[in-house]
Amino acid sequence: MRIAVLSGKGGTGKTLVSVNLAAAAKISTYIDCDVEEPNGHLFFKPENIQEEEVHVRIPKVDGKLCNGCRKCVDFCKFNALAYIKDKLIIFEDICHSCGGCILLCPEKALTEKEKVIGKIQKGASDQVTVYTGILNTGEPSGIPIIKKLLNENKPERNKTIFIDCPPGSACIVMESIKDADYCILVAEPTLFGVHNLNMVYELVKLFNKPFGVVLNKCLDGENPSEQFCIEKNIKIIGRIPFDSELGMLNSNAEIAVRKSERYRTIFSSLLETVKKEVHHETTSNS
Amino acid sequence: MKQLLILSGKGGTGKTTIASAFIKLSKAKAYADCDVDAPNLHLITKQSSQPKKTDYYGLPKAEIDTDLCIECGQCMQNCRFDAISADEKYKVDPFACEGCGVCELVCPVGAVSLKPAVAGELMLYADKEEVFSTAQLKMGSGTSGMLVTEVKKQMKSAADGVEFAIIDGSPGIGCPVIASLSGVDMVLIVAEPSISGISDMERIINTAAKFGVKTVVCINKFDTNMQNTEKIERFCIDHEINLVGRIAFDSDAVKAINNGQTIVDIDCNSGAAVKAVYNKTMELLLEKGGGLRS
């Protein structure tokens, strides 16, 4: 079972929800796909960390073989190649690693080399296996890291996998939810929150994923996100109050489920709800 | 044009809340929202006019003409983005396709072609008073860095002669953030006093440093964890980064935002604090080079 947690925007509590659900599930896998700003490992403080670099393939040129035909330069849709002063220049940071230039070069002057763009860490925190993807600063795209994170974890399908998604609704998020069985949308009780919730709501509808909403930082009084859910007939599967105990635990990177009886109860019951929802979806779709 | 970019490494720290307050305080004649994934600034900087909308074309997407296709599988084998599948017929997943053109290149029968694709929408609000440039990326589109560049270009060309602009940035450290960093004079980083927030702040500071942009830091919701606030302050001192102030958590701020107001539109603590942050930031922005009349 793969459960993706998303929110349309950062700061709404994706990491809070996914970390605590994984901790509440006890035997589970947590995958942090927010490779630009991974935070889950700060909470889990995993041990026995194994690290693996993530590479992309980028072209390199043999100047002696290149005859300056510029076929590669004309082909590259990303303008990652230029031929200046009798020399082929490769802009590694904007190369998308499509490999087209190598296929194309009539002189076989281009070959590929591997470039490190980040890494994956695997570790353990109690019974939770924690995967973290970390993009190096200055690198434009974390998608190869996310692909590696999610593809390598396919054999563990029998365990519940919690996927902490990157913010937004761009390609990087779609990559993260592609194989998810259920999506949890986390929403804040503000005007911004509704706007962002609407975006991920559109996204999960587009992908036809079963989903439910967790309302985070609930205060007394008006909750525009709750209102939105009622209007659109969206299932609210949980409510997390705004309170200083949780705020303090969370800002000190403590896992609330492991520190507070009250939050153990809240997240365990949320986990039960999610499991029921997933079960319901699988039986009604089979 | 002097440009101030507001970043945080992560969403939810208060970038847009602070950007909107800065826009009010500076009576900015030009501003932009570069969070093209999840733009929020328009919700709070109420516009009186209708925007001029322009379709934004990202990179083209491949299409396979199944009548011509001989099902040789070359396109699928050579696609590095796993964008081509062959259930019954060969087809392209437009969400995965990056428009590189390799499939078109390798197809022996010319069945693949690249077709222009709308990846988002640019919006420009411009009246006599001010210019506001924003955009919305289409669901699941990948080329957000290019769209960010277009948002900034659109602002600059519409606000010709304007001396100062405020840019609300996007979260993270990847392509859209790198695109938003290019050409700005200073970055204001909004940090949150949590362990996660400190980690995010360090990563965005490193990214800004890579591109050689002057950086200052303010701490939002500083009173939610004093120990971490002190950690941030110590980090800034150790790395010789200017601190431009602290803003306390303020439930009135949430109310203001939900009413579509900025925090300096109402009388509240966070509003008073952001004024001090604004003054300090402007002082540092104008410190060297000058060029802007106050």
# chains A, B, ... in the order shown; residues from 1 in each chain; ligands from 1

call {"tool": "residues_around", "arguments": {"residues": "B:Lys27", "least_positions_apart": "4", "cutoff": "9 Å", "atoms": "only C-alpha atoms", "output": "list in words"}}
result
Phe22, Ile23 and Glu130 of chain B

call {"tool": "write_last_selection", "arguments": {"atoms": "C-alpha atoms", "output": "compact mmCIF listing (two decimals), in the first residue's frame"}}
result
# COMPACT_ATOMS: atom_id res chain seq x y z
CA PHE B 22 6.57 45.15 1.56
CA ILE B 23 4.61 46.02 -1.56
CA GLU B 130 1.42 49.76 -10.92

call {"tool": "interface_residues", "arguments": {"of": "chain B", "to": "chain A", "cutoff": "8 Å", "atoms": "only C-alpha atoms", "output": "short mmCIF file (atom, residue, chain, number, x, y, z; two decimals) with N, CA and C atoms, in the first residue's frame"}}
result
data_model
loop_
_atom_site.label_atom_id
_atom_site.label_comp_id
_atom_site.auth_asym_id
_atom_site.auth_seq_id
_atom_site.Cartn_x
_atom_site.Cartn_y
_atom_site.Cartn_z
N GLY B 9 13.20 28.93 0.93
CA GLY B 9 13.57 27.53 0.90
C GLY B 9 12.36 26.63 0.95
N LYS B 10 11.33 27.07 1.65
CA LYS B 10 10.15 26.23 1.82
C LYS B 10 8.91 27.11 1.83
N GLY B 11 7.81 26.55 1.46
CA GLY B 11 6.56 27.30 1.53
C GLY B 11 6.08 27.42 2.97
N GLY B 12 5.08 28.28 3.16
CA GLY B 12 4.43 28.35 4.46
C GLY B 12 5.18 29.12 5.53
N THR B 13 6.31 29.70 5.18
CA THR B 13 7.05 30.45 6.19
C THR B 13 6.58 31.89 6.27
N ASP B 37 3.98 27.64 -9.51
CA ASP B 37 3.32 26.39 -9.14
C ASP B 37 2.07 26.65 -8.33
N ALA B 38 2.19 27.58 -7.39
CA ALA B 38 1.09 27.88 -6.47
C ALA B 38 1.08 29.37 -6.15
N ASN B 40 0.04 32.91 -4.96
CA ASN B 40 -0.92 33.36 -3.94
C ASN B 40 -1.00 34.88 -3.83
N LEU B 43 -4.05 37.00 -4.43
CA LEU B 43 -5.18 36.89 -3.50
C LEU B 43 -5.21 38.06 -2.53
N LEU B 59 8.19 23.72 -23.62
CA LEU B 59 8.79 22.94 -24.68
C LEU B 59 7.69 22.12 -25.36
N CYS B 79 13.96 6.84 -25.48
CA CYS B 79 13.43 7.90 -24.62
C CYS B 79 13.97 7.74 -23.21
N ARG B 80 14.65 8.76 -22.74
CA ARG B 80 15.24 8.70 -21.39
C ARG B 80 14.23 9.06 -20.31
N PHE B 81 13.08 9.49 -20.69
CA PHE B 81 12.11 9.98 -19.70
C PHE B 81 10.94 9.02 -19.51
N PHE B 95 2.74 14.12 -19.90
CA PHE B 95 3.25 14.60 -18.61
C PHE B 95 4.72 14.23 -18.43
N ALA B 96 5.11 13.11 -19.03
CA ALA B 96 6.51 12.68 -18.86
C ALA B 96 7.41 13.24 -19.95
N GLY B 99 10.05 16.96 -24.34
CA GLY B 99 10.18 17.67 -25.61
C GLY B 99 11.60 17.71 -26.17
N CYS B 100 12.39 16.70 -25.83
CA CYS B 100 13.80 16.73 -26.25
C CYS B 100 13.96 16.44 -27.74
N GLY B 101 13.02 15.70 -28.32
CA GLY B 101 13.06 15.44 -29.76
C GLY B 101 13.83 14.20 -30.16
N VAL B 102 14.28 13.41 -29.20
CA VAL B 102 15.04 12.20 -29.55
C VAL B 102 14.17 11.21 -30.32
N LEU B 105 13.90 12.14 -33.78
CA LEU B 105 15.19 11.91 -34.43
C LEU B 105 15.38 10.45 -34.86
N LEU B 137 1.17 27.90 -13.72
CA LEU B 137 1.64 26.76 -14.49
C LEU B 137 0.49 25.76 -14.63
N LYS B 138 0.38 25.16 -15.78
CA LYS B 138 -0.64 24.14 -15.98
C LYS B 138 -0.29 22.92 -15.14
N MET B 139 -1.34 22.29 -14.65
CA MET B 139 -1.17 21.10 -13.82
C MET B 139 -0.13 20.14 -14.41
N GLY B 140 0.85 19.81 -13.59
CA GLY B 140 1.79 18.78 -14.01
C GLY B 140 2.80 19.18 -15.06
N SER B 141 2.89 20.47 -15.33
CA SER B 141 3.88 20.90 -16.31
C SER B 141 5.26 20.97 -15.70
N GLY B 142 6.26 20.83 -16.54
CA GLY B 142 7.60 20.75 -15.99
C GLY B 142 8.45 21.99 -16.12
N SER B 144 8.81 25.04 -15.23
CA SER B 144 8.47 26.20 -14.41
C SER B 144 9.58 27.24 -14.38
N PRO B 171 9.14 28.17 -3.66
CA PRO B 171 9.83 27.37 -2.65
C PRO B 171 10.89 26.46 -3.27
N GLY B 172 11.73 25.92 -2.42
CA GLY B 172 12.73 24.96 -2.88
C GLY B 172 14.04 25.60 -3.24
N ILE B 173 14.88 24.81 -3.92
CA ILE B 173 16.19 25.32 -4.36
C ILE B 173 16.42 24.97 -5.82
N GLY B 174 15.40 24.42 -6.49
CA GLY B 174 15.58 23.90 -7.84
C GLY B 174 15.41 24.94 -8.93
N CYS B 175 15.04 24.43 -10.09
CA CYS B 175 15.00 25.23 -11.31
C CYS B 175 14.22 26.55 -11.19
N PRO B 176 12.98 26.57 -10.68
CA PRO B 176 12.28 27.87 -10.61
C PRO B 176 12.96 28.87 -9.69
N ILE B 178 16.22 29.00 -9.03
CA ILE B 178 17.43 29.44 -9.72
C ILE B 178 17.05 30.50 -10.76
N PRO B 193 11.74 29.33 12.92
CA PRO B 193 12.59 28.74 13.96
C PRO B 193 12.22 27.30 14.28
N SER B 194 12.34 26.43 13.30
CA SER B 194 12.18 25.00 13.56
C SER B 194 13.42 24.32 12.99
N ILE B 195 13.66 23.09 13.44
CA ILE B 195 14.83 22.37 12.94
C ILE B 195 14.72 22.25 11.41
N SER B 196 13.50 21.95 10.92
CA SER B 196 13.31 21.87 9.47
C SER B 196 13.62 23.22 8.83
N SER B 199 17.25 23.90 8.46
CA SER B 199 17.83 23.12 7.37
C SER B 199 17.48 23.74 6.01
N ASP B 200 16.23 24.15 5.86
CA ASP B 200 15.79 24.77 4.60
C ASP B 200 16.55 26.08 4.37
N ARG B 203 20.05 25.58 3.15
CA ARG B 203 20.11 25.15 1.75
C ARG B 203 19.84 26.31 0.79
N ILE B 204 18.92 27.17 1.15
CA ILE B 204 18.63 28.29 0.24
C ILE B 204 19.75 29.33 0.30
N ASN B 206 22.90 28.60 0.72
CA ASN B 206 23.95 28.03 -0.15
C ASN B 206 23.65 28.23 -1.62
N THR B 207 22.38 28.07 -1.95
CA THR B 207 21.99 28.23 -3.36
C THR B 207 22.21 29.68 -3.80
N LYS B 210 25.80 30.44 -4.30
CA LYS B 210 26.32 29.89 -5.55
C LYS B 210 26.14 30.84 -6.70
N THR B 224 7.83 31.19 18.49
CA THR B 224 7.33 29.82 18.62
C THR B 224 8.42 28.86 19.10
N ASN B 225 9.67 29.26 18.96
CA ASN B 225 10.75 28.43 19.52
C ASN B 225 12.01 29.29 19.67
N ASN B 228 15.55 27.85 18.86
CA ASN B 228 15.87 27.77 17.44
C ASN B 228 16.08 29.15 16.82
N VAL B 254 -3.27 35.93 10.42
CA VAL B 254 -4.12 34.96 9.72
C VAL B 254 -5.46 35.61 9.35
N ILE B 257 -5.02 38.07 6.42
CA ILE B 257 -4.88 37.36 5.15
C ILE B 257 -6.22 36.78 4.69
N ASN B 258 -6.97 36.20 5.64
CA ASN B 258 -8.26 35.62 5.26
C ASN B 258 -9.27 36.67 4.81
N GLY B 260 -8.23 39.06 2.95
CA GLY B 260 -7.62 39.60 1.75
C GLY B 260 -6.87 40.90 2.01
#

call {"tool": "residues_around", "arguments": {"residues": "B:Lys52", "least_positions_apart": "4", "cutoff": "10 Å", "atoms": "only C-alpha atoms", "output": "list in words"}}
result
Leu122, Met123, Leu124, Tyr125, Ala126 and Ser133 of chain B

call {"tool": "residues_around", "arguments": {"residues": "stretch 84-93 of chain A", "least_positions_apart": "6", "cutoff": "9 Å", "atoms": "only C-alpha atoms", "output": "number ranges by chain"}}
result
A: 58-61, 63, 66-68, 70, 73, 115, 138-140

call {"tool": "select_by_dssp", "arguments": {"residues": "stretch 56-261 of chain B", "states": "strand (DSSP E)", "output": "VMD selection string"}}
result
chain B and resid 56 to 57 61 to 64 84 to 86 90 to 92 112 to 115 118 to 126 131 to 137 164 to 168 186 to 191 214 to 220 242 to 247

call {"tool": "residues_around", "arguments": {"residues": "A:Ala256", "least_positions_apart": "4", "cutoff": "7 Å", "atoms": "only C-alpha atoms", "output": "list in words"}}
result
Asn20, Leu246, Leu249, Ser260 and Tyr263 of chain A

call {"tool": "write_last_selection", "arguments": {"atoms": "N, CA and C atoms", "output": "short mmCIF file (atom, residue, chain, number, x, y, z; two decimals), in the first residue's frame"}}
result
data_model
loop_
_atom_site.label_atom_id
_atom_site.label_comp_id
_atom_site.auth_asym_id
_atom_site.auth_seq_id
_atom_site.Cartn_x
_atom_site.Cartn_y
_atom_site.Cartn_z
N ASN A 20 4.41 11.25 11.10
CA ASN A 20 3.66 10.72 12.24
C ASN A 20 2.82 9.50 11.88
N LEU A 246 2.09 20.61 20.13
CA LEU A 246 2.49 20.04 18.85
C LEU A 246 3.49 20.95 18.14
N LEU A 249 6.92 20.46 19.76
CA LEU A 249 7.50 19.16 19.38
C LEU A 249 7.98 19.21 17.95
N SER A 260 4.04 11.92 22.64
CA SER A 260 2.82 12.35 23.31
C SER A 260 1.71 11.33 23.10
N TYR A 263 -1.16 12.59 20.88
CA TYR A 263 -0.94 12.56 19.44
C TYR A 263 -0.79 11.15 18.89
#

call {"tool": "closest_residue", "arguments": {"among": "B:Val118, B:Cys236, B:Ala83, B:Ala191", "to": "B:Asp55", "atoms": "only C-alpha atoms"}}
result
B:Val118

call {"tool": "atom_distance", "arguments": {"atom1": "atom CA of B:Ile241", "atom2": "atom CA of B:Val217"}}
result
7.2 Å

call {"tool": "atom_distance", "arguments": {"atom1": "atom CA of A:Thr29", "atom2": "atom CA of A:Ile161"}}
result
4.7 Å

call {"tool": "closest_residue", "arguments": {"among": "A:Gln127, A:Asn153, A:Gln227, A:Asn158", "to": "A:Ala187", "atoms": "only C-alpha atoms"}}
result
A:Gln227

call {"tool": "select_by_dssp", "arguments": {"residues": "stretch 47-262 of chain B", "states": "helix (DSSP H, G or I)", "output": "VMD selection string"}}
result
chain B and resid 74 to 78 102 to 106 144 to 158 175 to 181 195 to 210 222 to 224 226 to 238 251 to 258

call {"tool": "atom_distance", "arguments": {"atom1": "atom CA of A:Cys72", "atom2": "atom CA of B:Asp67"}}
result
29.4 Å

call {"tool": "closest_residue", "arguments": {"among": "A:Val19, A:Ile134, A:Cys105, A:Ala80", "to": "A:Glu51", "atoms": "only C-alpha atoms"}}
result
A:Ile134

call {"tool": "residues_around", "arguments": {"residues": "B:Ile84", "least_positions_apart": "4", "cutoff": "9 Å", "atoms": "only C-alpha atoms", "output": "list in words"}}
result
Cys75, Met76, Gln77, Cys79, Tyr90, Lys91, Val92, Asp93, Ala96, Cys97 and Cys103 of chain B

call {"tool": "residues_around", "arguments": {"residues": "B:Tyr56", "least_positions_apart": "6", "cutoff": "9 Å", "atoms": "only C-alpha atoms", "output": "ChimeraX atom specification"}}
result
/B:117-122,135,137,147,150

call {"tool": "write_last_selection", "arguments": {"atoms": "N, CA, C and O atoms", "output": "short mmCIF file (atom, residue, chain, number, x, y, z; two decimals), in the first residue's frame"}}
result
data_model
loop_
_atom_site.label_atom_id
_atom_site.label_comp_id
_atom_site.auth_asym_id
_atom_site.auth_seq_id
_atom_site.Cartn_x
_atom_site.Cartn_y
_atom_site.Cartn_z
N ALA B 117 2.94 23.04 -27.14
CA ALA B 117 2.04 22.71 -26.04
C ALA B 117 1.95 23.88 -25.06
O ALA B 117 2.97 24.43 -24.65
N VAL B 118 0.73 24.24 -24.70
CA VAL B 118 0.54 25.30 -23.70
C VAL B 118 0.89 24.73 -22.33
O VAL B 118 0.35 23.70 -21.93
N ALA B 119 1.81 25.39 -21.63
CA ALA B 119 2.24 24.87 -20.33
C ALA B 119 1.78 25.75 -19.18
O ALA B 119 2.00 25.44 -18.02
N GLY B 120 1.15 26.85 -19.52
CA GLY B 120 0.69 27.73 -18.46
C GLY B 120 0.15 29.02 -19.01
O GLY B 120 -0.01 29.17 -20.24
N GLU B 121 -0.13 29.94 -18.11
CA GLU B 121 -0.72 31.21 -18.52
C GLU B 121 -0.02 32.35 -17.78
O GLU B 121 0.11 32.30 -16.56
N LEU B 122 0.41 33.33 -18.57
CA LEU B 122 0.99 34.53 -17.97
C LEU B 122 -0.11 35.55 -17.78
O LEU B 122 -0.98 35.69 -18.63
N ALA B 135 1.72 34.36 -12.96
CA ALA B 135 1.44 33.28 -13.91
C ALA B 135 0.93 32.07 -13.17
O ALA B 135 1.08 31.97 -11.95
N LEU B 137 1.17 27.90 -13.72
CA LEU B 137 1.64 26.76 -14.49
C LEU B 137 0.49 25.76 -14.63
O LEU B 137 -0.27 25.56 -13.69
N LEU B 147 9.04 29.58 -17.17
CA LEU B 147 7.88 30.45 -16.93
C LEU B 147 8.23 31.56 -15.93
O LEU B 147 7.81 32.71 -16.09
N GLU B 150 9.87 34.21 -17.76
CA GLU B 150 8.88 35.00 -18.51
C GLU B 150 8.14 35.98 -17.61
O GLU B 150 7.86 37.11 -18.01
#

call {"tool": "closest_residue", "arguments": {"among": "A:Cys95, A:Val194, A:Val257, A:Ile177", "to": "B:Glu98", "atoms": "only C-alpha atoms"}}
result
A:Cys95

call {"tool": "closest_residue", "arguments": {"among": "A:Glu107, A:Asp181, A:Glu53, A:Asp62", "to": "A:Lys122", "atoms": "only C-alpha atoms"}}
result
A:Glu53

call {"tool": "closest_residue", "arguments": {"among": "A:Leu150, A:Leu215, A:Gly238, A:Ile49", "to": "A:Ser268", "atoms": "only C-alpha atoms"}}
result
A:Gly238

call {"tool": "closest_atom_pairs", "arguments": {"of": "stretch 123-184 of chain A", "to": "stretch 273-283 of chain A", "cutoff": "10 Å", "atoms": "only C-alpha atoms", "output": "Markdown table"}}
result
| residue | atom | partner | partner_atom | distance |
| --- | --- | --- | --- | --- |
| A:Thr160 | CA | A:Lys275 | CA | 9.6 |
| A:Asp181 | CA | A:Val278 | CA | 7.1 |
| A:Tyr182 | CA | A:Val278 | CA | 6.4 |
| A:Cys183 | CA | A:Val274 | CA | 9.3 |
| A:Ile184 | CA | A:Val274 | CA | 8.5 |

call {"tool": "write_last_selection", "arguments": {"atoms": "all heavy atoms", "output": "CSV table (one decimal), in the first residue's frame"}}
result
chain,number,residue,atom,x,y,z
A,160,THR,N,3.4,-0.8,4.4
A,160,THR,CA,2.8,0.5,4.0
A,160,THR,C,3.9,1.5,3.8
A,160,THR,O,4.8,1.6,4.6
A,160,THR,CB,1.9,1.0,5.2
A,160,THR,OG1,1.0,-0.1,5.5
A,160,THR,CG2,1.1,2.2,4.8
A,181,ASP,N,-1.6,4.5,-4.0
A,181,ASP,CA,-2.9,3.9,-4.0
A,181,ASP,C,-3.9,4.9,-3.4
A,181,ASP,O,-5.1,4.7,-3.5
A,181,ASP,CB,-2.8,2.6,-3.1
A,181,ASP,CG,-1.9,1.6,-3.6
A,181,ASP,OD1,-2.1,1.2,-4.8
A,181,ASP,OD2,-0.9,1.3,-3.0
A,182,TYR,N,-3.4,5.8,-2.6
A,182,TYR,CA,-4.3,6.8,-1.9
A,182,TYR,C,-3.5,8.1,-1.7
A,182,TYR,O,-2.3,8.0,-1.5
A,182,TYR,CB,-4.7,6.2,-0.6
A,182,TYR,CG,-5.8,7.0,0.1
A,182,TYR,CD1,-7.1,6.8,-0.3
A,182,TYR,CD2,-5.5,7.8,1.1
A,182,TYR,CE1,-8.2,7.5,0.3
A,182,TYR,CE2,-6.5,8.6,1.8
A,182,TYR,CZ,-7.9,8.4,1.3
A,182,TYR,OH,-8.9,9.1,1.9
A,183,CYS,N,-4.2,9.2,-1.8
A,183,CYS,CA,-3.5,10.5,-1.6
A,183,CYS,C,-4.2,11.2,-0.4
A,183,CYS,O,-5.4,11.3,-0.3
A,183,CYS,CB,-3.6,11.4,-2.8
A,183,CYS,SG,-2.7,10.8,-4.2
A,184,ILE,N,-3.3,11.7,0.5
A,184,ILE,CA,-3.8,12.5,1.6
A,184,ILE,C,-3.5,14.0,1.2
A,184,ILE,O,-2.3,14.3,1.0
A,184,ILE,CB,-3.2,12.1,2.9
A,184,ILE,CG1,-3.5,10.7,3.3
A,184,ILE,CG2,-3.6,13.1,4.0
A,184,ILE,CD1,-2.8,10.2,4.5
